[in-house]
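Enquirer: Contents of data_7.csv (CSV, C-alpha atoms (C1' of nucleotides)) are given next:
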```
chain,number,residue,atom,x,y,z
A,13,MET,CA,30.4,19.1,-25.4
A,14,THR,CA,30.4,22.5,-27.1
A,15,LYS,CA,28.8,23.0,-30.4
A,16,ARG,CA,32.2,23.2,-32.0
A,17,GLU,CA,33.2,19.9,-30.4
A,18,LYS,CA,30.0,18.3,-31.6
A,19,ILE,CA,30.6,19.3,-35.2
A,20,ILE,CA,34.2,18.2,-35.0
A,21,GLU,CA,33.2,14.7,-33.9
A,22,LYS,CA,30.3,14.4,-36.4
A,23,LEU,CA,32.4,15.6,-39.3
A,24,GLY,CA,35.3,13.6,-38.0
A,25,VAL,CA,33.3,10.4,-38.2
A,26,HIS,CA,32.1,11.2,-41.6
A,27,ILE,CA,35.6,11.9,-42.9
A,28,GLU,CA,37.0,8.9,-41.2
A,29,CYS,CA,34.6,6.7,-43.0
A,30,LYS,CA,34.6,8.4,-46.3
A,31,GLU,CA,38.4,8.9,-46.6
A,32,GLN,CA,39.5,5.8,-44.8
A,33,LEU,CA,41.6,7.7,-42.3
A,34,ALA,CA,42.5,6.9,-38.7
A,35,PRO,CA,40.0,8.5,-36.2
A,36,LEU,CA,42.5,11.1,-35.2
A,37,ALA,CA,43.6,12.0,-38.7
A,38,ALA,CA,39.9,12.5,-39.6
A,39,ARG,CA,39.4,14.7,-36.5
A,40,ILE,CA,42.4,16.8,-37.5
A,41,LEU,CA,40.9,17.4,-41.0
A,42,SER,CA,37.6,18.1,-39.4
A,43,THR,CA,39.2,20.6,-37.1
A,44,LEU,CA,41.0,22.3,-40.0
A,45,ILE,CA,37.7,22.5,-41.9
A,46,LEU,CA,36.0,24.1,-38.9
A,47,THR,CA,38.9,26.4,-38.2
A,48,GLY,CA,39.3,27.7,-41.7
A,49,LYS,CA,41.9,30.0,-43.2
A,50,LYS,CA,43.2,31.4,-39.9
A,51,GLY,CA,44.9,28.0,-39.3
A,52,ILE,CA,45.5,26.1,-36.1
A,53,THR,CA,48.7,25.3,-34.3
A,54,PHE,CA,50.2,21.9,-33.3
A,55,GLU,CA,49.6,22.7,-29.7
A,56,SER,CA,46.0,23.8,-30.1
A,57,LEU,CA,45.3,20.5,-31.9
A,58,VAL,CA,46.9,18.5,-29.1
A,59,CYS,CA,44.8,20.4,-26.6
A,60,GLU,CA,41.5,20.5,-28.5
A,61,LEU,CA,41.6,16.9,-29.6
A,62,GLY,CA,42.9,15.6,-26.3
A,63,ALA,CA,45.5,13.4,-28.0
A,64,SER,CA,49.3,13.0,-27.4
A,65,LYS,CA,51.8,15.1,-29.2
A,66,SER,CA,53.2,12.1,-30.9
A,67,THR,CA,49.9,11.1,-32.3
A,68,ILE,CA,49.1,14.5,-33.6
A,69,PHE,CA,52.6,14.7,-35.1
A,70,THR,CA,52.3,11.4,-36.9
A,71,HIS,CA,49.0,12.3,-38.4
A,72,LEU,CA,50.0,15.8,-39.3
A,73,THR,CA,52.9,14.3,-41.1
A,74,THR,CA,50.9,11.7,-43.1
A,75,LEU,CA,48.3,14.3,-44.0
A,76,GLN,CA,51.0,16.6,-45.3
A,77,ALA,CA,52.6,13.7,-47.2
A,78,GLY,CA,49.2,12.8,-48.7
A,79,ASN,CA,48.8,16.4,-49.8
A,80,ARG,CA,45.7,17.1,-47.7
A,81,ILE,CA,47.0,19.8,-45.5
A,82,THR,CA,49.8,22.4,-45.3
A,83,TYR,CA,50.8,25.2,-43.0
A,84,PHE,CA,51.9,28.8,-43.0
A,85,THR,CA,54.0,30.7,-40.5
A,86,LYS,CA,53.9,34.2,-39.1
A,87,PRO,CA,56.9,36.5,-38.7
A,88,GLY,CA,58.4,36.4,-35.3
A,89,ASP,CA,56.3,33.3,-34.4
A,90,ARG,CA,57.9,29.8,-34.3
A,91,LYS,CA,54.5,28.0,-34.5
A,92,LYS,CA,53.1,26.5,-37.6
A,93,TYR,CA,49.5,27.3,-38.6
A,94,PHE,CA,48.0,24.3,-40.2
A,95,ILE,CA,45.3,24.6,-42.9
A,96,LEU,CA,43.7,22.5,-45.6
A,97,ILE,CA,45.4,22.7,-48.9
A,98,PRO,CA,44.0,25.7,-50.6
A,99,ASN,CA,42.6,24.0,-53.7
A,100,MET,CA,41.1,21.1,-51.8
A,101,MET,CA,37.9,20.9,-53.7
A,102,ILE,CA,39.6,20.7,-57.1
A,103,GLN,CA,42.0,18.1,-55.7
A,104,SER,CA,39.3,15.9,-54.3
A,105,MET,CA,37.4,16.1,-57.6
A,106,SER,CA,40.6,15.0,-59.4
A,107,GLU,CA,40.8,12.1,-57.0
A,108,MET,CA,37.2,11.1,-57.7
A,109,LEU,CA,37.8,11.2,-61.4
A,110,ARG,CA,41.0,9.2,-61.1
A,111,LYS,CA,39.1,6.5,-59.2
A,112,TRP,CA,36.3,6.4,-61.7
A,113,ASN,CA,38.8,6.1,-64.5
A,114,ASN,CA,40.4,3.2,-62.8
A,115,GLU,CA,37.0,1.5,-62.5
A,116,LYS,CA,36.3,2.1,-66.2
A,117,GLU,CA,39.5,0.3,-67.1
A,118,ILE,CA,38.8,-2.6,-64.9
A,119,HIS,CA,35.3,-3.0,-66.4
A,120,LEU,CA,36.7,-2.8,-69.9
A,121,GLU,CA,39.2,-5.5,-69.0
A,122,ILE,CA,36.4,-7.7,-67.7
A,123,MET,CA,34.3,-7.1,-70.8
A,124,ASP,CA,37.2,-8.1,-73.0
A,125,TYR,CA,37.7,-11.3,-70.9
A,126,LYS,CA,34.0,-12.2,-71.0
A,127,LYS,CA,33.8,-11.6,-74.8
A,128,GLU,CA,36.8,-13.8,-75.3
A,129,VAL,CA,35.2,-16.6,-73.3
A,130,ASN,CA,31.9,-16.1,-75.1
A,131,ASP,CA,33.6,-16.6,-78.4
A,132,THR,CA,34.9,-20.0,-77.3
A,133,LEU,CA,31.4,-21.1,-76.4
A,134,GLY,CA,28.7,-22.5,-78.6
A,135,GLU,CA,26.2,-20.1,-80.0
A,136,ASP,CA,23.5,-20.2,-77.3
A,137,SER,CA,25.3,-22.0,-74.5
A,138,ASN,CA,23.8,-21.1,-71.1
A,139,GLU,CA,27.3,-20.4,-69.9
A,140,MET,CA,27.4,-17.2,-72.1
A,141,PHE,CA,28.3,-14.1,-70.2
A,142,ASP,CA,25.9,-11.2,-70.1
A,143,LEU,CA,27.7,-7.9,-70.6
A,144,GLU,CA,24.8,-5.6,-69.9
A,145,PHE,CA,25.8,-4.8,-66.3
A,146,HIS,CA,29.2,-3.7,-67.4
A,147,ARG,CA,27.8,-1.6,-70.2
A,148,ASP,CA,25.5,0.1,-67.8
A,149,TYR,CA,28.3,0.7,-65.4
A,150,LEU,CA,30.6,2.2,-68.0
A,151,SER,CA,27.8,4.4,-69.2
A,152,PHE,CA,27.2,5.6,-65.7
A,153,LEU,CA,30.9,6.3,-65.1
A,154,GLU,CA,31.2,8.2,-68.3
A,155,GLN,CA,28.2,10.4,-67.6
A,156,ALA,CA,29.2,11.0,-64.0
A,157,SER,CA,32.8,11.8,-64.9
A,158,SER,CA,31.9,14.3,-67.6
A,159,SER,CA,29.5,16.0,-65.2
A,160,VAL,CA,32.1,16.3,-62.4
A,161,GLU,CA,34.7,17.5,-65.0
A,162,LYS,CA,32.4,20.3,-66.0
A,163,ILE,CA,31.9,21.4,-62.4
A,164,GLN,CA,35.6,21.1,-61.8
A,165,LYS,CA,36.5,23.3,-64.8
A,166,LYS,CA,34.1,26.0,-63.6
A,167,LEU,CA,35.8,25.9,-60.2
A,168,ILE,CA,39.3,26.1,-61.7
A,169,GLU,CA,38.2,29.2,-63.7
A,170,LYS,CA,36.8,30.7,-60.6
A,171,PHE,CA,40.1,30.2,-58.7
A,172,LYS,CA,42.1,31.7,-61.6
A,173,ASN,CA,40.5,35.0,-60.8
A,174,ASP,CA,42.3,35.3,-57.5
B,22,MET,CA,47.5,-17.3,-62.2
B,23,THR,CA,44.8,-17.6,-64.8
B,24,LYS,CA,43.3,-14.5,-66.4
B,25,ARG,CA,40.1,-15.1,-64.4
B,26,GLU,CA,42.2,-15.2,-61.2
B,27,LYS,CA,44.1,-12.0,-62.1
B,28,ILE,CA,40.8,-10.1,-62.7
B,29,ILE,CA,39.3,-11.4,-59.4
B,30,GLU,CA,42.3,-10.2,-57.5
B,31,LYS,CA,42.5,-6.8,-59.3
B,32,LEU,CA,38.8,-6.1,-59.0
B,33,GLY,CA,38.9,-7.5,-55.4
B,34,VAL,CA,41.5,-5.0,-54.4
B,35,HIS,CA,39.5,-2.2,-55.9
B,36,ILE,CA,36.3,-3.2,-54.2
B,37,GLU,CA,38.1,-3.8,-50.9
B,38,CYS,CA,39.4,-0.3,-50.9
B,39,LYS,CA,36.3,1.4,-52.4
B,40,GLU,CA,33.7,-0.4,-50.3
B,41,GLN,CA,35.7,-0.8,-47.2
B,42,LEU,CA,35.2,-4.6,-47.0
B,43,ALA,CA,37.4,-7.4,-45.7
B,44,PRO,CA,39.7,-8.7,-48.4
B,45,LEU,CA,37.7,-11.9,-48.7
B,46,ALA,CA,34.4,-10.2,-48.8
B,47,ALA,CA,35.7,-8.1,-51.6
B,48,ARG,CA,37.0,-11.1,-53.5
B,49,ILE,CA,33.5,-12.7,-53.1
B,50,LEU,CA,31.9,-9.7,-54.7
B,51,SER,CA,34.6,-9.7,-57.4
B,52,THR,CA,33.9,-13.3,-58.1
B,53,LEU,CA,30.2,-12.8,-58.3
B,54,ILE,CA,30.7,-9.9,-60.8
B,55,LEU,CA,32.9,-12.1,-62.9
B,56,THR,CA,30.6,-15.1,-62.7
B,57,GLY,CA,27.5,-13.1,-63.6
B,58,LYS,CA,23.9,-14.3,-63.7
B,59,LYS,CA,24.6,-18.0,-63.7
B,60,GLY,CA,25.7,-17.7,-60.0
B,61,ILE,CA,28.3,-19.6,-58.0
B,62,THR,CA,28.0,-22.0,-55.2
B,63,PHE,CA,29.3,-22.0,-51.6
B,64,GLU,CA,31.7,-24.8,-52.4
B,65,SER,CA,33.0,-23.2,-55.6
B,66,LEU,CA,33.8,-20.0,-53.7
B,67,VAL,CA,35.6,-22.0,-51.0
B,68,CYS,CA,37.6,-23.7,-53.7
B,69,GLU,CA,38.2,-20.8,-56.1
B,70,LEU,CA,39.2,-18.3,-53.3
B,71,GLY,CA,41.2,-20.9,-51.3
B,72,ALA,CA,39.6,-19.8,-48.1
B,73,SER,CA,38.0,-21.8,-45.3
B,74,LYS,CA,34.3,-22.7,-45.2
B,75,SER,CA,33.8,-20.6,-42.1
B,76,THR,CA,35.3,-17.5,-43.6
B,77,ILE,CA,33.3,-17.8,-46.8
B,78,PHE,CA,30.2,-18.4,-44.8
B,79,THR,CA,30.7,-15.4,-42.5
B,80,HIS,CA,31.3,-13.1,-45.5
B,81,LEU,CA,28.4,-14.5,-47.5
B,82,THR,CA,26.2,-13.8,-44.5
B,83,THR,CA,27.3,-10.2,-44.0
B,84,LEU,CA,27.1,-9.5,-47.7
B,85,GLN,CA,23.5,-10.8,-47.7
B,86,ALA,CA,22.7,-8.8,-44.6
B,87,GLY,CA,24.1,-5.7,-46.3
B,88,ASN,CA,21.9,-6.3,-49.3
B,89,ARG,CA,24.8,-6.7,-51.7
B,90,ILE,CA,24.2,-10.3,-52.8
B,91,THR,CA,21.4,-12.9,-52.9
B,92,TYR,CA,21.0,-16.4,-54.2
B,93,PHE,CA,18.7,-18.7,-56.2
B,94,THR,CA,18.2,-22.4,-56.1
B,95,LYS,CA,17.6,-25.1,-58.7
B,96,PRO,CA,15.0,-27.8,-58.5
B,97,GLY,CA,16.5,-31.0,-57.2
B,98,ASP,CA,19.7,-29.3,-56.2
B,99,ARG,CA,20.4,-28.5,-52.6
B,100,LYS,CA,23.1,-25.9,-53.4
B,101,LYS,CA,22.7,-22.2,-53.3
B,102,TYR,CA,23.8,-20.1,-56.3
B,103,PHE,CA,25.0,-16.8,-55.2
B,104,ILE,CA,24.6,-13.7,-57.4
B,105,LEU,CA,24.8,-9.9,-57.0
B,106,ILE,CA,21.5,-8.3,-56.1
B,107,PRO,CA,19.8,-7.7,-59.5
B,108,ASN,CA,19.4,-4.0,-59.2
B,109,MET,CA,22.9,-3.4,-58.0
B,110,MET,CA,23.6,-0.3,-60.0
B,111,ILE,CA,20.5,1.5,-58.9
B,112,GLN,CA,21.2,0.5,-55.3
B,113,SER,CA,24.8,1.8,-55.4
B,114,MET,CA,23.6,5.0,-56.9
B,115,SER,CA,21.1,5.4,-54.1
B,116,GLU,CA,23.9,4.8,-51.6
B,117,MET,CA,26.0,7.5,-53.3
B,118,LEU,CA,23.2,10.0,-53.1
B,119,ARG,CA,22.5,9.1,-49.5
B,120,LYS,CA,26.1,9.8,-48.6
B,121,TRP,CA,26.1,13.1,-50.5
B,122,ASN,CA,23.0,14.2,-48.8
B,123,ASN,CA,24.6,13.5,-45.5
B,124,GLU,CA,27.5,15.6,-46.5
B,125,LYS,CA,25.2,18.4,-47.5
B,126,GLU,CA,23.6,18.4,-44.1
B,127,ILE,CA,26.9,18.5,-42.3
B,128,HIS,CA,28.1,21.4,-44.3
B,129,LEU,CA,24.8,23.3,-43.8
B,130,GLU,CA,25.2,22.7,-40.1
B,131,ILE,CA,28.8,24.0,-40.2
B,132,MET,CA,27.7,27.1,-42.1
B,133,ASP,CA,25.0,27.8,-39.6
B,134,TYR,CA,27.6,27.5,-36.8
B,135,LYS,CA,30.1,29.8,-38.5
B,136,LYS,CA,27.5,32.4,-39.3
B,137,GLU,CA,26.4,32.4,-35.7
B,138,VAL,CA,30.0,32.9,-34.5
B,139,ASN,CA,30.6,35.6,-37.1
B,140,ASP,CA,27.6,37.5,-35.8
B,141,THR,CA,29.1,37.7,-32.3
B,142,LEU,CA,32.3,39.2,-33.8
B,143,GLY,CA,33.1,42.8,-34.6
B,144,GLU,CA,32.5,43.9,-38.2
B,145,ASP,CA,36.0,43.2,-39.7
B,146,SER,CA,37.6,41.0,-37.1
B,147,ASN,CA,40.3,38.8,-38.6
B,148,GLU,CA,38.7,35.9,-36.7
B,149,MET,CA,35.7,36.0,-39.1
B,150,PHE,CA,34.9,32.7,-40.8
B,151,ASP,CA,35.0,32.4,-44.5
B,152,LEU,CA,32.1,30.4,-45.9
B,153,GLU,CA,33.2,30.2,-49.5
B,154,PHE,CA,34.6,26.7,-49.2
B,155,HIS,CA,31.3,25.4,-47.9
B,156,ARG,CA,29.3,27.2,-50.5
B,157,ASP,CA,31.4,25.7,-53.2
B,158,TYR,CA,31.2,22.3,-51.7
B,159,LEU,CA,27.4,22.5,-51.4
B,160,SER,CA,27.1,23.7,-55.0
B,161,PHE,CA,29.3,20.8,-56.1
B,162,LEU,CA,27.2,18.3,-54.2
B,163,GLU,CA,24.0,19.6,-55.6
B,164,GLN,CA,25.1,19.5,-59.2
B,165,ALA,CA,26.7,16.0,-58.8
B,166,SER,CA,23.6,14.7,-57.1
B,167,SER,CA,21.2,16.0,-59.7
B,168,SER,CA,23.4,14.5,-62.4
B,169,VAL,CA,23.5,11.1,-60.7
B,170,GLU,CA,19.7,11.3,-60.1
B,171,LYS,CA,19.1,11.7,-63.8
B,172,ILE,CA,21.2,8.8,-64.7
B,173,GLN,CA,19.5,6.7,-62.1
B,174,LYS,CA,16.1,7.6,-63.3
B,175,LYS,CA,17.0,6.5,-66.8
B,176,LEU,CA,18.2,3.2,-65.5
B,177,ILE,CA,15.1,2.6,-63.4
B,178,GLU,CA,13.0,3.3,-66.6
B,179,LYS,CA,15.1,0.8,-68.5
B,180,PHE,CA,14.7,-1.9,-65.8
B,181,LYS,CA,10.9,-1.4,-65.8
B,182,ASN,CA,10.8,-2.7,-69.3
B,183,ASP,CA,11.7,-6.2,-68.2
C,9,DC,C1',75.2,28.5,-21.2
C,10,DG,C1',71.0,27.0,-19.0
C,11,DT,C1',66.1,27.0,-20.0
C,12,DT,C1',62.0,27.1,-22.5
C,13,DT,C1',59.4,26.3,-26.7
C,14,DA,C1',58.0,23.6,-30.4
C,15,DG,C1',58.3,20.0,-32.2
C,16,DT,C1',60.3,14.7,-33.5
C,17,DT,C1',61.6,9.8,-32.9
C,18,DC,C1',60.8,5.3,-31.6
C,19,DG,C1',59.4,1.2,-29.0
C,20,DT,C1',55.3,-0.7,-27.4
C,21,DA,C1',50.6,-1.3,-25.3
C,22,DA,C1',45.8,-1.6,-26.5
C,23,DT,C1',42.5,-2.7,-29.6
C,24,DA,C1',40.3,-4.2,-33.8
C,25,DT,C1',40.2,-6.9,-37.9
C,26,DT,C1',40.4,-11.0,-40.4
C,27,DC,C1',40.6,-15.6,-41.0
C,28,DC,C1',40.9,-20.4,-39.6
C,29,DG,C1',39.9,-25.2,-37.6
C,30,DA,C1',37.2,-28.2,-35.2
C,31,DA,C1',33.1,-29.5,-33.8
C,32,DC,C1',28.4,-29.4,-34.9
C,33,DC,C1',23.7,-29.9,-37.4
C,34,DA,C1',19.9,-31.0,-40.6
C,35,DA,C1',18.3,-32.8,-44.8
C,36,DA,C1',19.0,-36.2,-48.3
C,37,DC,C1',21.0,-40.4,-49.9
C,38,DC,C1',21.9,-45.4,-49.7
D,5,DG,C1',19.7,-46.0,-39.6
D,6,DG,C1',24.4,-44.9,-41.1
D,7,DT,C1',26.7,-41.9,-44.3
D,8,DT,C1',27.3,-38.1,-47.2
D,9,DT,C1',26.4,-33.3,-48.6
D,10,DG,C1',26.0,-28.6,-47.7
D,11,DG,C1',26.2,-25.6,-44.6
D,12,DT,C1',26.7,-23.2,-39.5
D,13,DT,C1',28.7,-22.0,-35.0
D,14,DC,C1',32.2,-20.5,-32.1
D,15,DG,C1',36.7,-19.8,-29.8
D,16,DG,C1',40.9,-18.2,-30.7
D,17,DA,C1',45.4,-17.3,-33.5
D,18,DA,C1',47.6,-14.1,-36.5
D,19,DT,C1',47.9,-9.7,-38.1
D,20,DA,C1',47.1,-4.8,-38.6
D,21,DT,C1',45.8,-0.4,-36.8
D,22,DT,C1',46.0,3.2,-33.7
D,23,DA,C1',47.5,5.9,-30.0
D,24,DC,C1',50.6,6.6,-26.3
D,25,DG,C1',54.8,7.9,-23.3
D,26,DA,C1',59.4,8.8,-22.6
D,27,DA,C1',63.3,10.3,-24.3
D,28,DC,C1',65.4,13.4,-27.6
D,29,DT,C1',66.6,17.7,-30.5
D,30,DA,C1',67.2,22.2,-32.5
D,31,DA,C1',66.2,26.9,-32.3
D,32,DA,C1',65.3,30.9,-29.5
D,33,DC,C1',65.1,33.2,-25.2
D,34,DG,C1',67.2,35.3,-21.1
```
Could I get this file's structure written as structure tokens?

Expert:
Amino acid sequence: MTKREKIIEKLGVHIECKEQLAPLAARILSTLILTGKKGITFESLVCELGASKSTIFTHLTTLQAGNRITYFTKPGDRKKYFILIPNMMIQSMSEMLRKWNNEKEIHLEIMDYKKEVNDTLGEDSNEMFDLEFHRDYLSFLEQASSSVEKIQKKLIEKFKND
Amino acid sequence: MTKREKIIEKLGVHIECKEQLAPLAARILSTLILTGKKGITFESLVCELGASKSTIFTHLTTLQAGNRITYFTKPGDRKKYFILIPNMMIQSMSEMLRKWNNEKEIHLEIMDYKKEVNDTLGEDSNEMFDLEFHRDYLSFLEQASSSVEKIQKKLIEKFKND
DNA sequence: CGTTTAGTTCGTAATATTCCGAACCAAACC
DNA sequence: GGTTTGGTTCGGAATATTACGAACTAAACG
């Protein structure tokens, strides 16, 4: 195994697990990260990842549909050169924020529910719900979100100057 | 479907997806979050989630092994009362930080590899790797980590006063 | 117009995940 | 000491995921 292959596998496993992708989809992303802006062709992927054309095709299609990758072409060259979407970092931060917002909403919903139930219970019933966990969680999500938002804004600024 | 059932399902789906757990494992966690500190028994879980004893058992076992849940008992009562591990928030932040650190290391490794390759290339070869993506990613991870670390420290302080 | 290149489609084999039922066990109850 | 309670084990069915191969197509080449 070459150093390149080792990195593709290691990063592949990481992506597979983190992004919940099929092993080969993850290896494709991994390869694109390692290949960088010069892009990589369909055929090279088939060859480098040792998978069938149909498998590579399927995963390239779903990765494009999921707005994770794209491609460019060269004049007088029928091949497609696949690359990560250019604003990948910003996108993945947005994704992160979206998930955290979803979590916030669920916890708010649960707190509402628990408050409602508490109200129907006698003053110091031992059935009373404790809301501290949810309050802590919400506070965490808010702080983490605002921190990531700040980082994201800086990045967006940086990309404007291009 | 009662309001409680609706929340269990909704939170369950969320946990299943976020934590990569089997549907029923996620529903168990979901139920424990909703039930809170008073805990819930094996039998109640079987009944409330409409799953078999063996399934509930298997998932309770793996969730305990994964340090996600625990239980307490009551004098003169053979039943186990399952609850989330008490310092759940702190643990899940640690988990988050651990993953981010892993990502940092991989990106550092890739940067090393790319620098090495760049050195073997002619001055302005178009094959040269661009390291900006990795630099941005590392910077993001560092900022996000330090922000989460701060929040975590505050929480640890808070829990000491118990 | 036949051939090569660069994909594309689809049915299915291989594998992995998830859950279940039936049988089992140990402690407590009667 | 038989029965109930509360759980535990294990083999396998049902389902979902992942990758493959063979056949196909459309554009370009010669």

Enquirer: What lies within 10 Å of DC33 of chain C using only C-alpha atoms (C1' of nucleotides), ignoring chain neighbours under 5 positions off, as number ranges by chain?

Expert: D: 11-13

Enquirer: Which neighbours of DC38 of chain C fall inside 12 Å, counting only C-alpha atoms (C1' of nucleotides), when residues of the same chain fewer than 5 positions from it are skipped, and could you give them as a list of chain:residue names?

Expert: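 Skipping anything fewer than 5 positions along the chain leaves D:DG5, D:DG6, D:DT7, D:DT8.
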
Enquirer: Could the residues in this selection be saved with C-alpha atoms (C1' of nucleotides) as a PDB file, keeping the file's coordinate frame?

Expert:
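So out_14.pdb came out as:
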```
ATOM      1  C1'  DG D   5      19.700 -46.000 -39.600  1.00  0.00           C
ATOM      2  C1'  DG D   6      24.400 -44.900 -41.100  1.00  0.00           C
ATOM      3  C1'  DT D   7      26.700 -41.900 -44.300  1.00  0.00           C
ATOM      4  C1'  DT D   8      27.300 -38.100 -47.200  1.00  0.00           C
TER       5       DT D   8
END
```

Enquirer: Choose the residue, out of A:Lys22, A:Ile95, A:Lys86, A:Asp136, that has the smallest atom-to-atom separation from Leu57 of chain A; count all atoms listed in the file.

Expert: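 Of A:Lys22, A:Ile95, A:Lys86, A:Asp136, the one nearest Leu57 of chain A, counting all atoms listed in the file, is A:Ile95.
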
Enquirer: Please identify all polymer residues within 10 Å of Val34 of chain B, counting only C-alpha atoms (C1' of nucleotides), omitting same-chain residues fewer than 3 positions from it, and present them as number ranges by chain.

Expert: B: 28-31, 37-40, 42-45, 47-48, 51

Enquirer: Skipping near chain neighbours, those fewer than 6 positions away, what residues fall within 12 Å of DA27 of chain D using all atoms listed in the file, listed as number ranges by chain?

Expert: C: 16-19

Enquirer: Choose the residue, out of A:Asn130, A:Thr70, A:Thr14, A:Ser157, that has the smallest atom-to-atom separation from chain C; count only C-alpha atoms (C1' of nucleotides).

Expert: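 Of A:Asn130, A:Thr70, A:Thr14, A:Ser157, the one nearest chain C, counting only C-alpha atoms (C1' of nucleotides), is A:Thr70.
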
Enquirer: Let me make sure I understand: among B:Asn122, B:Gln41, B:Thr91, B:Asn182, which one has the smallest atom-to-atom distance to chain C if we use all atoms listed in the file?

Expert: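 With all atoms listed in the file as the atom set, the closest residue is B:Gln41.
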
Enquirer: For a quick test of understanding: name the residues of chain A lying within 9 Å of chain C when counting only C-alpha atoms (C1' of nucleotides), and present them as an MDAnalysis selection string.

Expert: chainID A and resid 54:55 65:66 69 90:91

Enquirer: For chain D, which residue among B:Lys136, B:Arg156, B:Lys125, B:Lys101 is the nearest when counting all atoms listed in the file?

Expert: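 Using all atoms listed in the file, chain D sits closest to B:Lys101.
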
Enquirer: Please measure the separation of atom CA of Glu135 of chain A and atom CA of Lys27 of chain B, giving the value in Å to one decimal.

Expert: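 Between atom CA of Glu135 of chain A and atom CA of Lys27 of chain B the gap works out to 26.6 Å.
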
Enquirer: Rounded to one decimal place, report the atom CA of Tyr102 of chain B-atom CA of Glu69 of chain B distance in Å.

Expert: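 Distance reported for this atom pair: 14.4 Å.
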
Enquirer: Figure out the distance between atom CA of Asn79 of chain A and atom CA of Ile97 of chain A, please, to one decimal in Å.

Expert: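 So the answer is 7.2 Å.
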
Enquirer: Of the candidates A:Met108, A:Glu128, A:Glu121, A:Gly134, which one gets nearest to chain B if we count all atoms listed in the file?

Expert: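 Smallest distance to chain B is found for A:Glu121.
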
Enquirer: Which residue out of B:Val138, B:Ile90, B:Leu162, B:Val67 has the minimum interatomic distance to chain D when only C-alpha atoms (C1' of nucleotides) are used?

Expert: B:Val67

Enquirer: Please list as a VMD selection string every residue within 9 Å of Gln164 of chain A, counting all atoms listed in the file and excluding residues in the same chain fewer than 6 positions away.

Expert: (chain A and resid 101 to 102 105 to 106) or (chain B and resid 161)
